[in-house]
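This is model-v3.cif. It holds mmCIF, C-alpha atoms.
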```cif
data_final
#
loop_
_atom_site.label_atom_id
_atom_site.label_comp_id
_atom_site.auth_asym_id
_atom_site.auth_seq_id
_atom_site.Cartn_x
_atom_site.Cartn_y
_atom_site.Cartn_z
CA MET B 1 19.86 -0.20 12.49
CA GLN B 2 18.31 3.15 11.70
CA LEU B 3 14.99 3.54 9.93
CA SER B 4 14.81 5.68 6.83
CA LYS B 5 12.43 8.65 6.73
CA LYS B 6 10.28 6.71 4.27
CA THR B 7 9.89 3.80 6.72
CA ASP B 8 9.26 6.18 9.60
CA TYR B 9 6.54 7.99 7.64
CA ALA B 10 4.99 4.71 6.45
CA LEU B 11 4.76 3.44 10.02
CA ARG B 12 3.25 6.74 11.20
CA ALA B 13 0.54 6.50 8.55
CA LEU B 14 -0.10 2.83 9.25
CA PHE B 15 -0.52 3.43 12.97
CA THR B 16 -2.99 6.24 12.33
CA LEU B 17 -4.98 3.79 10.22
CA VAL B 18 -4.67 1.11 12.92
CA GLU B 19 -6.12 3.53 15.48
CA HIS B 20 -9.13 4.01 13.16
CA TYR B 21 -9.40 0.41 11.97
CA GLY B 22 -12.95 -0.43 10.96
CA GLY B 23 -13.92 3.23 10.80
CA VAL B 24 -14.26 5.78 8.05
CA PRO B 25 -11.49 6.36 5.49
CA ILE B 26 -8.90 8.99 6.37
CA PRO B 27 -8.04 11.47 3.59
CA ILE B 28 -4.38 11.75 2.57
CA ARG B 29 -4.34 15.41 3.61
CA GLU B 30 -5.45 14.40 7.14
CA LEU B 31 -2.90 11.55 7.32
CA ALA B 32 -0.15 13.98 6.32
CA ARG B 33 -1.26 16.60 8.85
CA ARG B 34 -1.64 14.20 11.78
CA ASN B 35 1.72 12.60 11.18
CA ASP B 36 3.73 15.68 10.21
CA VAL B 37 4.62 14.16 6.83
CA PRO B 38 4.93 16.14 3.59
CA LYS B 39 1.81 15.26 1.56
CA PRO B 40 3.65 14.67 -1.77
CA PHE B 41 6.04 12.24 -0.08
CA LEU B 42 3.18 10.50 1.73
CA GLU B 43 1.30 10.04 -1.55
CA HIS B 44 4.17 7.89 -2.87
CA ILE B 45 4.37 5.95 0.38
CA MET B 46 0.64 5.24 0.35
CA LEU B 47 0.96 3.83 -3.17
CA ASP B 48 3.63 1.44 -1.86
CA LEU B 49 1.44 0.47 1.10
CA LYS B 50 -1.45 -0.14 -1.29
CA LYS B 51 0.74 -2.21 -3.61
CA MET B 52 1.68 -4.43 -0.67
CA GLY B 53 -1.98 -4.94 0.22
CA TRP B 54 -1.69 -3.23 3.61
CA VAL B 55 -4.03 -0.34 2.78
CA GLU B 56 -6.91 0.36 0.45
CA SER B 57 -7.96 3.68 -1.02
CA MET B 58 -11.57 4.77 -1.19
CA PRO B 59 -12.40 7.32 -3.91
CA GLY B 60 -14.73 10.26 -3.63
CA LYS B 61 -15.41 13.21 -1.39
CA GLN B 62 -15.69 10.99 1.71
CA GLY B 63 -12.78 8.83 0.52
CA GLY B 64 -9.33 8.25 1.85
CA TYR B 65 -7.32 5.33 3.17
CA VAL B 66 -8.18 2.37 5.39
CA LEU B 67 -6.25 -0.71 6.45
CA ALA B 68 -6.82 -3.56 4.01
CA ARG B 69 -5.71 -6.24 6.48
CA PRO B 70 -6.28 -6.62 10.20
CA PRO B 71 -3.51 -4.94 12.27
CA ALA B 72 -2.59 -8.34 13.74
CA LYS B 73 -1.69 -9.55 10.22
CA ILE B 74 0.96 -6.89 9.51
CA THR B 75 4.33 -7.13 11.28
CA MET B 76 6.87 -4.43 11.93
CA GLY B 77 9.50 -6.66 10.29
CA GLU B 78 7.71 -6.89 6.96
CA VAL B 79 7.09 -3.14 6.80
CA VAL B 80 10.70 -2.24 7.65
CA ARG B 81 12.10 -4.81 5.22
CA TYR B 82 9.82 -3.57 2.44
CA PHE B 83 10.98 0.03 2.74
CA ASP B 84 14.55 -0.36 4.03
CA GLY B 85 15.40 -3.78 2.62
CA TYR B 86 17.10 -5.30 5.66
CA LEU B 87 17.41 -5.24 9.44
CA ALA B 88 21.12 -6.02 9.81
CA PRO B 89 23.41 -3.41 11.41
CA ILE B 90 26.23 -4.11 8.91
CA ALA B 91 26.30 -5.65 5.45
CA CYS B 92 28.49 -8.66 6.31
CA VAL B 93 25.73 -10.10 8.54
CA SER B 94 22.84 -9.27 6.22
CA MET B 95 21.08 -12.03 4.32
CA THR B 96 19.51 -9.69 1.76
CA ASN B 97 22.15 -6.95 1.58
CA TYR B 98 25.23 -9.11 2.18
CA GLU B 99 28.61 -7.70 1.26
CA ARG B 100 31.78 -9.68 1.85
CA CYS B 101 34.29 -8.17 4.24
CA SER B 102 38.01 -8.89 4.09
CA GLN B 103 37.99 -9.57 7.85
CA GLU B 104 35.14 -12.10 7.96
CA THR B 105 37.27 -15.12 8.84
CA VAL B 106 38.99 -13.41 11.76
CA CYS B 107 36.46 -10.81 12.93
CA ARG B 108 35.41 -11.28 16.57
CA PHE B 109 32.79 -8.52 16.86
CA ARG B 110 30.85 -9.77 13.84
CA ARG B 111 29.29 -12.43 16.11
CA VAL B 112 27.80 -9.72 18.36
CA LEU B 113 26.37 -7.89 15.34
CA LEU B 114 24.93 -11.14 13.98
CA ASP B 115 23.28 -11.75 17.36
CA ALA B 116 21.93 -8.17 17.29
CA ARG B 117 20.53 -8.76 13.79
CA ASN B 118 18.84 -11.97 14.90
CA TYR B 119 17.40 -10.35 18.02
CA VAL B 120 16.03 -7.35 16.12
CA ALA B 121 14.64 -9.54 13.30
CA THR B 122 12.92 -11.87 15.78
CA LEU B 123 11.46 -8.97 17.75
CA MET B 124 10.22 -7.15 14.62
CA ASP B 125 8.78 -10.31 13.06
CA ARG B 126 6.92 -11.28 16.22
CA THR B 127 5.52 -7.78 16.73
CA ASN B 128 2.42 -6.93 14.75
CA LEU B 129 0.74 -3.54 14.46
CA ALA B 130 -2.10 -4.54 16.80
CA MET B 131 0.42 -5.30 19.55
CA VAL B 132 2.30 -2.04 19.06
CA VAL B 133 -0.80 0.16 19.12
CA LYS B 134 -1.75 -1.29 22.53
CA GLY B 135 1.52 -0.04 24.02
CA SER B 136 2.18 3.41 25.35
CA PRO B 137 4.46 5.99 23.74
CA VAL B 138 8.05 6.10 24.97
CA GLY B 139 8.59 8.94 27.41
CA THR B 140 11.60 11.22 27.29
CA GLY B 141 12.70 9.89 30.67
CA GLU B 142 12.87 6.37 29.26
CA VAL B 143 15.08 7.48 26.37
CA PHE B 144 17.54 9.08 28.73
CA THR B 145 17.57 6.30 31.32
CA LEU B 146 21.06 4.89 31.17
CA GLN B 147 21.48 1.43 29.71
CA GLY B 148 24.55 -0.70 29.21
CA VAL B 149 27.84 0.68 30.50
CA ASP B 150 27.00 4.21 31.65
CA GLY B 151 24.68 4.55 28.62
CA GLU B 152 27.41 6.08 26.51
CA GLY B 153 26.97 6.08 22.76
CA ILE B 154 23.31 5.12 22.79
#
```

Please express what this file holds, its structure, as C-alpha cells.
Amino acid sequence: MQLSKKTDYALRALFTLVEHYGGVPIPIRELARRNDVPKPFLEHIMLDLKKMGWVESMPGKQGGYVLARPPAKITMGEVVRYFDGYLAPIACVSMTNYERCSQETVCRFRRVLLDARNYVATLMDRTNLAMVVKGSPVGTGEVFTLQGVDGEGI
C-alpha cells in the first residue's frame, strides 16, 4: 500500500488541525505553508474534508479551518479509504477495488497479501487521529533499522 499525494496532504492538514483542536481557525494559506502543500491543491482537499464532515470553514478575516469532529472520532482508515479508495496491496484481495486474477484458484502468495490487507485495515480502523497525534514522529534511524530478512526491499 502506498498513499497518494492527495491522501498524504489531507492527513498533513488534518493533523495540523488536530494539534490546534478547540482553538482558533487556521487560514488555508497557513495550512499550506505549515504542511508544504501547494495551496490550490489543498483548497480542493479541504473541500473534500468539509464534504465528509471532518472539517468546518469559518469565513472572514479571522476565518479558516477547524476540525468539525473530535480527533478521536476520525480514523486513519476512513480518511485513507475516502481519498485512495482501498487499503489492499493488490486488486485480487480488495473488497472495494476487486479485480479477478487468472491465478486466484492456485495462487499461494495471495494468502499473505490478504493477511497484510487485513492487518493494515484493522490497524488503520482502530487508529484515530487523537491516538496518532500523541505519538512521536518516526526518526530516520527507525526507518533504516533492518526488519525482516536483512531488511531488503523495504

Restricting to all atoms listed in the file, whichever of B:Asp84, B:Asp36, B:Glu19, B:Asp48 is closest to Val133 of chain B is B:Glu19

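Atom CA of Ala121 of chain B is positioned 23.9 Å from atom CA of Leu17 of chain B.
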
request  = Check what the PyMOL selection byres ((chain B and resi 76) around 8) selects in the file above and give those residues as a PyMOL selection string.
outcome  = chain B and resi 74-75+77-80+124-125+127-129

**Study point:** Expansion of the PyMOL selection byres ((chain B and resi 1-14) around 7) into residues, as a ChimeraX atom specification
**Key:** /B:15-18,31,35,37,45,80,83-84,87-89

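Closest approach to Lys51 of chain B among B:Tyr82, B:Ser102, B:Phe144, B:Thr122: B:Tyr82, based on only C-alpha atoms.
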
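Interatomic distance, atom CA of Met46 of chain B against atom CA of Met58 of chain B: 12.3 Å.
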
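Atom CA of Pro59 of chain B is positioned 9.5 Å from atom CA of Pro25 of chain B.
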
All residues 6 Å or closer to Glu56 of chain B, only C-alpha atoms, same chain fewer than 5 positions away omitted, as an mmCIF file with C-alpha atoms, in the coordinates of the input:
```
data_model
loop_
_atom_site.group_PDB
_atom_site.id
_atom_site.type_symbol
_atom_site.label_atom_id
_atom_site.label_comp_id
_atom_site.auth_asym_id
_atom_site.auth_seq_id
_atom_site.Cartn_x
_atom_site.Cartn_y
_atom_site.Cartn_z
ATOM 1 C CA LYS B 50 -1.450 -0.140 -1.290
ATOM 2 C CA TYR B 65 -7.320 5.330 3.170
ATOM 3 C CA VAL B 66 -8.180 2.370 5.390
ATOM 4 C CA ALA B 68 -6.820 -3.560 4.010
#
```

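Of the residues under consideration (B:Gly141, B:Gly63, B:Pro38, B:Gly85), B:Gly63 shows the shortest atom-to-atom contact distance to Val24 of chain B when counting all atoms listed in the file.
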
With distances taken over only C-alpha atoms, the candidate from B:Lys73, B:Glu142, B:Lys39, B:Gln103 nearest Gly53 of chain B is B:Lys73
